[in-house]
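So the structure is just underneath, and the comments pick up after that.
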Amino acid sequence: MSAPAPVPSLTCLIVDDNPQFFVAATQLLAEDGVTVVGFASTSDQAVVEALARRPDVALVDIDLGAERGLDVAQRLVELPEGGPPVVLMSVESGNELAELVDASGVLGFVSKADLSGDVIRALLARADSGD
């Protein structure tokens, strides 16, 4: 019997205005082989971090208080030389947000309750396959 294939490591940027979520998500994702390389709570910070760190993916909260996560996602997607693929997150389920997500040009959506390295990898793989 052969050993299981190694899980490819990923880097990510988290854009969220909740520092407690950042700490919890960093720990959860680290256990799944995803390294959080930066944290931002505004669109300006997100752009600076994305350009400096070049993460494999950006996780962006839809509700950032004073800003809309969709606007932040749009700025990241339009970065020169291409920004990171963006996954929108919310404490809400994706059902009521499906149209917004589909129209936004982002990679996909994940509920914060379902966040995991496997979910992120599945979204990236789906994008790579052209689905």
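By order in the structure tokens, chains are A, B, ...; within a chain, residues start at 1; ligands start at 1, following the order shown.
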
**Request:** Write out as a PyMOL selection string each polymer residue whose atoms come within 12 Å of Glu49 of chain A, counting only C-alpha atoms; drop sequence neighbours fewer than 2 positions from it.
**Result:** chain A and resi 12-15+36-47+51-55+57-58+76+79+83-84

**Item:** Those of chain A in DSSP strand (DSSP E or B), formatted as number ranges by chain
**Value:** A: 10-15, 34-40, 57-61, 63-64, 67-68, 86-90, 108-111

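Proximity to Glu92 of chain A was assessed for A:Val110, A:Leu70, A:Val34, A:Leu29 counting only C-alpha atoms; the smallest distance is recorded for A:Val110.
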
**Asked** What is the distance between atom CA of Asn18 of chain A and atom CA of Gly82 of chain A, in Å to one decimal?
**Response** 26.6 Å

**Request:** Compare A:Leu59, A:Leu64, A:Val91, A:Val72 by their minimum atom-to-atom distance to Ser111 of chain A, counting only C-alpha atoms, and give me the closest one.
**Result:** A:Val91

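Ranking A:Glu99, A:Asp63, A:Glu81, A:Glu31 by their shortest atom-to-atom distance to Ala50 of chain A, with only C-alpha atoms included, puts A:Glu81 first.
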
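One finds atom CA of Pro19 of chain A at 21.9 Å from atom CA of Val119 of chain A.
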
Surrounding residues of Lys112 of chain A excluding itself and chain neighbours under 6 positions, 9 Å, only C-alpha atoms, as a compact mmCIF listing (two decimals) with all heavy atoms, in the first residue's frame:
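Resulting contents of result_33.txt:
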# COMPACT_ATOMS: atom_id res chain seq x y z
N ALA A 25 -9.16 31.28 12.10
CA ALA A 25 -9.00 30.77 10.73
C ALA A 25 -7.55 30.41 10.45
O ALA A 25 -7.28 29.42 9.77
CB ALA A 25 -9.49 31.82 9.72
N ASP A 61 -14.10 38.57 3.41
CA ASP A 61 -15.40 38.63 4.06
C ASP A 61 -16.32 39.56 3.27
O ASP A 61 -15.90 40.65 2.87
CB ASP A 61 -15.24 39.12 5.50
CG ASP A 61 -16.52 39.01 6.31
OD1 ASP A 61 -17.48 38.35 5.87
OD2 ASP A 61 -16.55 39.59 7.41
N MET A 89 -16.31 35.07 1.66
CA MET A 89 -16.75 34.34 2.86
C MET A 89 -17.83 35.16 3.56
O MET A 89 -17.88 36.37 3.43
CB MET A 89 -15.62 34.19 3.89
CG MET A 89 -14.31 33.74 3.45
SD MET A 89 -13.17 33.69 4.88
CE MET A 89 -12.91 35.44 5.21
N SER A 90 -18.64 34.46 4.35
CA SER A 90 -19.64 35.12 5.18
C SER A 90 -20.10 34.14 6.24
O SER A 90 -19.94 32.92 6.08
CB SER A 90 -20.83 35.56 4.33
OG SER A 90 -21.83 36.13 5.14
N VAL A 91 -20.70 34.69 7.29
CA VAL A 91 -21.33 33.81 8.27
C VAL A 91 -22.65 33.30 7.71
O VAL A 91 -23.20 32.32 8.20
CB VAL A 91 -21.56 34.52 9.63
CG1 VAL A 91 -20.24 34.84 10.29
CG2 VAL A 91 -22.41 35.76 9.48
N GLU A 92 -23.15 33.97 6.67
CA GLU A 92 -24.38 33.54 5.99
C GLU A 92 -24.06 32.35 5.09
O GLU A 92 -22.92 32.13 4.71
CB GLU A 92 -24.94 34.68 5.13
CG GLU A 92 -25.16 35.97 5.85
CD GLU A 92 -26.25 35.89 6.90
OE1 GLU A 92 -27.22 35.14 6.70
OE2 GLU A 92 -26.13 36.57 7.92
N SER A 93 -25.12 31.63 4.71
CA SER A 93 -24.92 30.56 3.74
C SER A 93 -24.84 31.17 2.35
O SER A 93 -25.24 32.31 2.14
CB SER A 93 -26.06 29.54 3.80
OG SER A 93 -27.23 30.10 3.24

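Relative to atom CA of Ala103 of chain A, atom CA of Gly117 of chain A is found at 24.3 Å.
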